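Source file structure_1.cif; content: mmCIF, C-alpha atoms.
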data_target
#
loop_
_atom_site.label_atom_id
_atom_site.label_comp_id
_atom_site.auth_asym_id
_atom_site.auth_seq_id
_atom_site.Cartn_x
_atom_site.Cartn_y
_atom_site.Cartn_z
CA MET A 1 154.63 88.72 64.98
CA PRO A 2 152.98 86.82 62.10
CA ASP A 3 151.75 88.85 59.13
CA LEU A 4 148.02 88.14 59.11
CA PRO A 5 145.41 89.44 56.67
CA PRO A 6 142.78 91.83 58.12
CA ILE A 7 140.04 89.99 59.98
CA ARG A 8 137.54 91.26 57.41
CA GLU A 9 139.45 89.36 54.70
CA THR A 10 139.49 86.22 56.82
CA ILE A 11 135.71 86.45 57.23
CA ALA A 12 135.28 86.86 53.46
CA LYS A 13 137.73 84.04 52.67
CA HIS A 14 135.79 81.55 54.79
CA GLY A 15 132.36 82.86 53.80
CA LEU A 16 131.45 83.68 57.39
CA SER A 17 128.49 85.71 58.56
CA ALA A 18 127.30 86.42 62.10
CA SER A 19 124.64 83.95 63.21
CA LYS A 20 121.64 85.55 64.86
CA ALA A 21 120.69 82.19 66.38
CA LEU A 22 124.09 82.00 68.12
CA GLY A 23 123.98 85.64 69.26
CA GLN A 24 127.07 86.53 67.22
CA ASN A 25 128.32 90.03 66.43
CA PHE A 26 131.87 90.26 65.08
CA LEU A 27 134.38 92.91 66.20
CA LEU A 28 136.80 93.97 63.45
CA ASP A 29 138.58 97.08 64.81
CA GLU A 30 142.05 95.81 65.77
CA GLN A 31 142.94 98.89 67.84
CA LEU A 32 139.77 98.43 69.89
CA LEU A 33 140.48 94.72 70.25
CA ASP A 34 144.02 95.45 71.49
CA ARG A 35 142.56 97.87 74.07
CA ILE A 36 140.18 95.17 75.29
CA ALA A 37 143.00 92.65 75.56
CA ALA A 38 144.98 95.13 77.68
CA LEU A 39 142.22 95.61 80.30
CA PRO A 40 143.35 92.80 82.65
CA GLY A 41 146.98 93.98 82.53
CA ASP A 42 150.02 92.11 81.21
CA LEU A 43 148.91 88.80 79.69
CA SER A 44 152.34 87.66 78.51
CA GLY A 45 152.50 83.93 79.25
CA ALA A 46 149.12 83.99 81.04
CA ARG A 47 146.37 81.43 80.51
CA VAL A 48 143.23 82.94 78.97
CA LEU A 49 139.83 81.38 78.34
CA GLU A 50 137.80 82.87 75.49
CA VAL A 51 134.21 81.85 74.77
CA GLY A 52 132.76 82.34 71.31
CA PRO A 53 135.82 83.62 69.43
CA GLY A 54 134.03 83.50 66.08
CA PRO A 55 136.51 84.30 63.30
CA GLY A 56 139.14 85.22 65.92
CA GLY A 57 139.25 89.02 66.16
CA LEU A 58 139.74 89.20 69.93
CA THR A 59 141.74 85.97 69.80
CA ARG A 60 144.33 87.71 67.60
CA ALA A 61 144.64 90.54 70.10
CA LEU A 62 145.12 88.11 72.98
CA LEU A 63 147.76 86.16 71.04
CA ARG A 64 149.55 89.41 70.15
CA ALA A 65 149.58 90.19 73.89
CA GLY A 66 151.44 86.93 74.49
CA ALA A 67 148.58 85.01 76.12
CA ARG A 68 148.15 81.25 75.93
CA VAL A 69 144.55 81.08 74.77
CA THR A 70 142.00 78.29 75.07
CA ALA A 71 139.00 79.17 72.90
CA ILE A 72 135.62 77.42 73.08
CA GLU A 73 133.63 77.67 69.86
CA MET A 74 130.44 75.80 68.92
CA ASP A 75 130.10 77.25 65.42
CA ARG A 76 131.92 74.81 63.14
CA ARG A 77 132.04 77.39 60.34
CA CYS A 78 134.61 79.37 62.36
CA LEU A 79 136.98 76.48 63.09
CA PRO A 80 139.08 76.76 59.88
CA ALA A 81 139.80 80.46 60.56
CA LEU A 82 140.79 79.63 64.14
CA GLU A 83 142.98 76.78 62.90
CA GLU A 84 144.88 79.28 60.74
CA LEU A 85 145.46 81.40 63.86
CA SER A 86 146.71 78.37 65.75
CA GLU A 87 149.24 77.71 62.99
CA ALA A 88 150.32 81.37 62.94
CA PHE A 89 150.94 81.36 66.72
CA PRO A 90 152.43 77.91 67.39
CA GLY A 91 151.76 76.61 70.89
CA GLN A 92 149.66 79.60 71.93
CA LEU A 93 146.13 78.65 70.86
CA THR A 94 143.99 75.64 71.70
CA VAL A 95 140.53 75.47 70.13
CA ILE A 96 137.79 73.34 71.68
CA GLU A 97 134.60 72.73 69.76
CA GLY A 98 131.67 72.63 72.16
CA ASP A 99 129.07 74.39 74.28
CA ALA A 100 130.71 76.51 77.00
CA MET A 101 127.65 76.11 79.22
CA LYS A 102 128.17 72.34 79.35
CA LEU A 103 131.94 72.21 79.79
CA ASP A 104 134.04 72.17 82.97
CA HIS A 105 136.19 75.26 82.50
CA GLY A 106 138.52 74.46 85.38
CA ALA A 107 139.34 71.06 83.90
CA ILE A 108 139.79 72.55 80.43
CA MET A 109 142.37 74.94 81.89
CA ASP A 110 144.22 72.03 83.54
CA GLY A 111 143.63 73.36 87.05
CA GLU A 112 145.77 76.45 86.36
CA PRO A 113 144.67 80.02 87.20
CA PHE A 114 143.29 81.81 84.16
CA HIS A 115 141.75 85.04 82.93
CA VAL A 116 138.48 85.08 81.01
CA LEU A 117 138.17 87.54 78.10
CA SER A 118 135.26 87.27 75.75
CA ASN A 119 132.93 89.09 73.42
CA LEU A 120 130.17 86.90 74.81
CA PRO A 121 127.38 85.65 72.55
CA TYR A 122 124.36 87.67 73.67
CA ASN A 123 122.14 84.64 74.08
CA VAL A 124 124.30 82.95 76.76
CA GLY A 125 126.29 85.84 78.22
CA THR A 126 124.32 86.27 81.44
CA ALA A 127 124.08 82.53 82.12
CA LEU A 128 127.85 82.11 81.69
CA PHE A 129 128.51 85.09 83.94
CA VAL A 130 126.36 83.61 86.72
CA LYS A 131 128.14 80.26 86.24
CA TRP A 132 131.54 81.89 86.80
CA LEU A 133 130.28 83.75 89.88
CA SER A 134 128.57 80.75 91.45
CA GLY A 135 129.93 77.98 93.59
CA GLN A 136 131.03 77.81 97.20
CA ASP A 137 134.76 77.52 96.51
CA TRP A 138 136.41 80.94 96.69
CA PRO A 139 138.66 82.47 95.47
CA PRO A 140 137.79 80.94 92.09
CA GLN A 141 140.25 79.50 89.60
CA TRP A 142 139.73 82.52 87.33
CA LEU A 143 141.80 85.62 88.05
CA SER A 144 139.58 88.11 86.24
CA LEU A 145 136.55 88.32 83.96
CA THR A 146 136.64 90.85 81.12
CA LEU A 147 133.36 90.45 79.30
CA MET A 148 131.34 92.21 76.62
CA PHE A 149 127.62 92.57 77.37
CA GLN A 150 124.70 94.57 76.12
CA ARG A 151 125.14 97.90 77.92
CA GLU A 152 121.90 97.42 79.83
CA VAL A 153 123.18 94.13 81.27
CA ALA A 154 126.59 95.67 82.08
CA GLU A 155 124.89 98.48 83.98
CA ARG A 156 122.88 95.95 85.97
CA ILE A 157 126.09 94.17 87.03
CA VAL A 158 127.66 97.33 88.50
CA ALA A 159 124.41 98.93 89.77
CA GLN A 160 123.96 100.23 93.32
CA PRO A 161 120.82 99.80 95.46
CA GLY A 162 117.84 102.06 94.91
CA GLY A 163 117.49 102.02 91.14
CA SER A 164 115.72 99.84 88.63
CA ALA A 165 119.04 98.46 87.30
CA TYR A 166 119.95 97.02 90.72
CA GLY A 167 119.06 93.37 91.01
CA ARG A 168 120.26 89.80 91.30
CA LEU A 169 123.23 90.25 88.95
CA ALA A 170 124.57 93.17 90.99
CA VAL A 171 124.43 91.22 94.26
CA LEU A 172 126.02 88.09 92.79
CA ALA A 173 128.77 90.16 91.14
CA GLN A 174 129.56 92.37 94.13
CA TRP A 175 129.25 90.30 97.31
CA ARG A 176 132.71 88.73 96.94
CA ALA A 177 134.13 90.39 93.84
CA LYS A 178 134.83 93.87 92.48
CA ALA A 179 132.98 94.79 89.31
CA LYS A 180 133.49 97.90 87.21
CA LEU A 181 132.33 99.20 83.86
CA ALA A 182 135.63 99.24 81.98
CA MET A 183 134.65 100.46 78.51
CA LYS A 184 131.60 101.41 76.47
CA VAL A 185 131.48 100.10 72.91
CA HIS A 186 129.35 101.71 70.22
CA ARG A 187 127.09 99.44 68.18
CA SER A 188 128.85 100.60 65.00
CA ALA A 189 132.02 98.74 66.09
CA PHE A 190 130.32 95.40 65.33
CA THR A 191 129.51 93.56 62.12
CA PRO A 192 126.58 93.43 61.82
CA PRO A 193 125.75 96.31 64.20
CA PRO A 194 123.44 95.07 66.98
CA LYS A 195 120.32 97.02 67.84
CA VAL A 196 121.72 97.91 71.28
CA MET A 197 124.89 99.51 72.65
CA SER A 198 127.47 97.36 74.43
CA ALA A 199 129.89 97.70 77.33
CA ILE A 200 132.74 95.73 78.86
CA VAL A 201 132.66 94.72 82.52
CA HIS A 202 135.86 93.83 84.38
CA VAL A 203 135.50 91.68 87.50
CA THR A 204 138.17 90.56 89.96
CA PRO A 205 137.69 88.30 93.01
CA ALA A 206 137.64 89.87 96.47
CA GLU A 207 137.59 88.36 99.94
CA ALA A 208 134.46 86.30 100.58
CA PRO A 209 132.44 86.96 103.76
CA ALA A 210 132.76 84.05 106.20
CA ASP A 211 130.01 81.47 106.75
CA VAL A 212 127.83 82.53 103.83
CA SER A 213 126.38 79.95 101.46
CA SER A 214 126.53 81.10 97.84
CA ARG A 215 123.60 78.80 97.08
CA THR A 216 121.49 80.45 99.80
CA LEU A 217 122.37 83.91 98.51
CA GLU A 218 121.39 82.87 94.98
CA ARG A 219 118.04 81.55 96.22
CA LEU A 220 117.35 84.72 98.21
CA THR A 221 118.16 87.06 95.33
CA GLU A 222 116.23 84.96 92.84
CA ALA A 223 113.13 85.07 95.07
CA ALA A 224 113.48 88.71 96.10
CA PHE A 225 114.08 90.13 92.63
CA GLY A 226 111.75 87.65 90.96
CA GLN A 227 108.94 89.61 92.62
CA ARG A 228 110.75 92.92 93.03
CA ARG A 229 107.59 95.02 93.25
CA LYS A 230 106.40 93.11 96.29
CA MET A 231 107.48 93.62 99.90
CA LEU A 232 110.11 91.22 101.21
CA ARG A 233 107.61 89.51 103.50
CA GLN A 234 105.80 88.38 100.34
CA SER A 235 108.68 87.77 97.92
CA LEU A 236 110.83 85.79 100.40
CA LYS A 237 108.18 83.56 101.95
CA SER A 238 109.14 80.76 99.55
CA VAL A 239 112.65 80.59 101.06
CA PRO A 240 112.64 78.55 104.30
CA GLY A 241 113.82 80.62 107.27
CA ALA A 242 114.02 83.87 105.32
CA LEU A 243 111.25 85.74 107.16
CA ASP A 244 112.72 84.87 110.57
CA ALA A 245 116.15 85.91 109.27
CA LEU A 246 114.78 89.30 108.19
CA GLN A 247 113.76 89.96 111.78
CA SER A 248 117.01 88.66 113.27
CA VAL A 249 119.21 90.96 111.14
CA GLY A 250 116.91 93.98 111.47
CA ILE A 251 115.68 94.31 107.89
CA GLU A 252 112.12 95.64 107.71
CA GLU A 253 109.88 93.12 105.99
CA THR A 254 107.96 95.95 104.30
CA ARG A 255 110.99 96.92 102.20
CA ARG A 256 111.43 95.92 98.58
CA ALA A 257 114.40 94.05 97.15
CA GLU A 258 115.91 97.00 95.26
CA THR A 259 116.43 98.88 98.57
CA VAL A 260 118.39 96.05 100.20
CA SER A 261 122.17 96.53 99.97
CA VAL A 262 124.64 93.81 99.02
CA ALA A 263 125.88 93.73 102.64
CA GLU A 264 122.30 93.26 103.88
CA PHE A 265 121.68 90.38 101.47
CA VAL A 266 124.92 88.77 102.71
CA ALA A 267 123.80 89.18 106.34
CA LEU A 268 120.43 87.69 105.46
CA ALA A 269 122.04 84.68 103.72
CA LYS A 270 124.30 84.15 106.73
CA ALA A 271 121.28 84.18 109.05
CA VAL A 272 119.35 81.72 106.86
CA GLY A 273 122.33 79.37 106.69
CA SER A 274 123.09 76.57 104.27
CA PRO A 275 120.15 74.99 102.43
#
Could you show the structure in this file as structure tokens?
Amino acid sequence: MPDLPPIRETIAKHGLSASKALGQNFLLDEQLLDRIAALPGDLSGARVLEVGPGPGGLTRALLRAGARVTAIEMDRRCLPALEELSEAFPGQLTVIEGDAMKLDHGAIMDGEPFHVLSNLPYNVGTALFVKWLSGQDWPPQWLSLTLMFQREVAERIVAQPGGSAYGRLAVLAQWRAKAKLAMKVHRSAFTPPPKVMSAIVHVTPAEAPADVSSRTLERLTEAAFGQRRKMLRQSLKSVPGALDALQSVGIEETRRAETVSVAEFVALAKAVGSP
């Protein structure tokens, strides 16, 4: 194992500071980072995609775990620090400069199965999560998602029907995958400390219900939770066929979105059919 300076020294050496505009908050606690890297299980020899590695704190932990890491970073200031890591772990780290929202992750990973582990930049975390969950092809190329979010967002992903946290993210995360809150992370673990607490969500693919269009489900949840205080007969009228589908699957049109279970949304999407 290469003898590396503490990540704090690397940050100082390269004059790095977390960019508010890029939603950066650096993690420096190596024991915590090793615990995060262990969440998916044994990564020895496994392909891992990391988005927003920054100065490379989590990247180090993944490399120590034996992973073959592909890291996407758009902050050029961090590239020299990541290059040093690549030299310290020959053949284990590939760094791609770019915007993760605009890149084809499957192509980047050469069509191989891969895990995603990331301390996601706050400003794109939810959008990236939805991107990984979307698409008709299932199971996906990714084997697991282990992602740091603001705790409020993490709780929305694992929420159950009936509460204010339950919404579109919960349905998209749970209809053909298993999502759990794997670890809470105190704000003091970051540099600089964010104003909110954080948590790590771990997601693994599950069997997808047959004959359900992911695009239809996304449209239904977007409409239903976009007007969550309204009854379904009002919030879903913009989705063609949705009101007839409510009747056909036995969902009362006077209900509100937060009372509709994941299974009921799936049944509704199946009844509506492909767009």
(request) Excluding Leu220 in chain A and residues on its chain fewer than 5 positions from it, collect all residues at most 9 Å away from it, counting all atoms listed in the file, and give them as an MDAnalysis selection string. (result) chainID A and resid 215 225 236 239 242 265 268:269
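Nearest-residue note for His186 in chain A: choosing from A:Glu112, A:Gly98, A:Leu32, A:Glu9, the minimum distance belongs to A:Leu32, counting only C-alpha atoms.
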With 4 Å added on each side, what axis-aligned box encloses every listed atom of range 254-269 of chain A? Give the centre and edge lengths in Å to one decimal, as JSON.
{"center_x": 116.9, "center_y": 91.8, "center_z": 100.8, "size_x": 25.9, "size_y": 22.2, "size_z": 19.1}
(request) For the structure shown, which residues end up in the PyMOL selection byres ((chain A and resi 205-207) around 10)? Put them as a ChimeraX atom specification, please? (result) /A:133,138-145,173-179,203-204,208-210
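For the point (116.1, 93.2, 87.8), the residues with an atom at a distance of at most 8 Å are A:Arg156, A:Ser164, A:Ala165, A:Tyr166, A:Gly167, A:Arg168, A:Leu169, A:Phe225, A:Gly226, A:Arg228, counting all atoms listed in the file.
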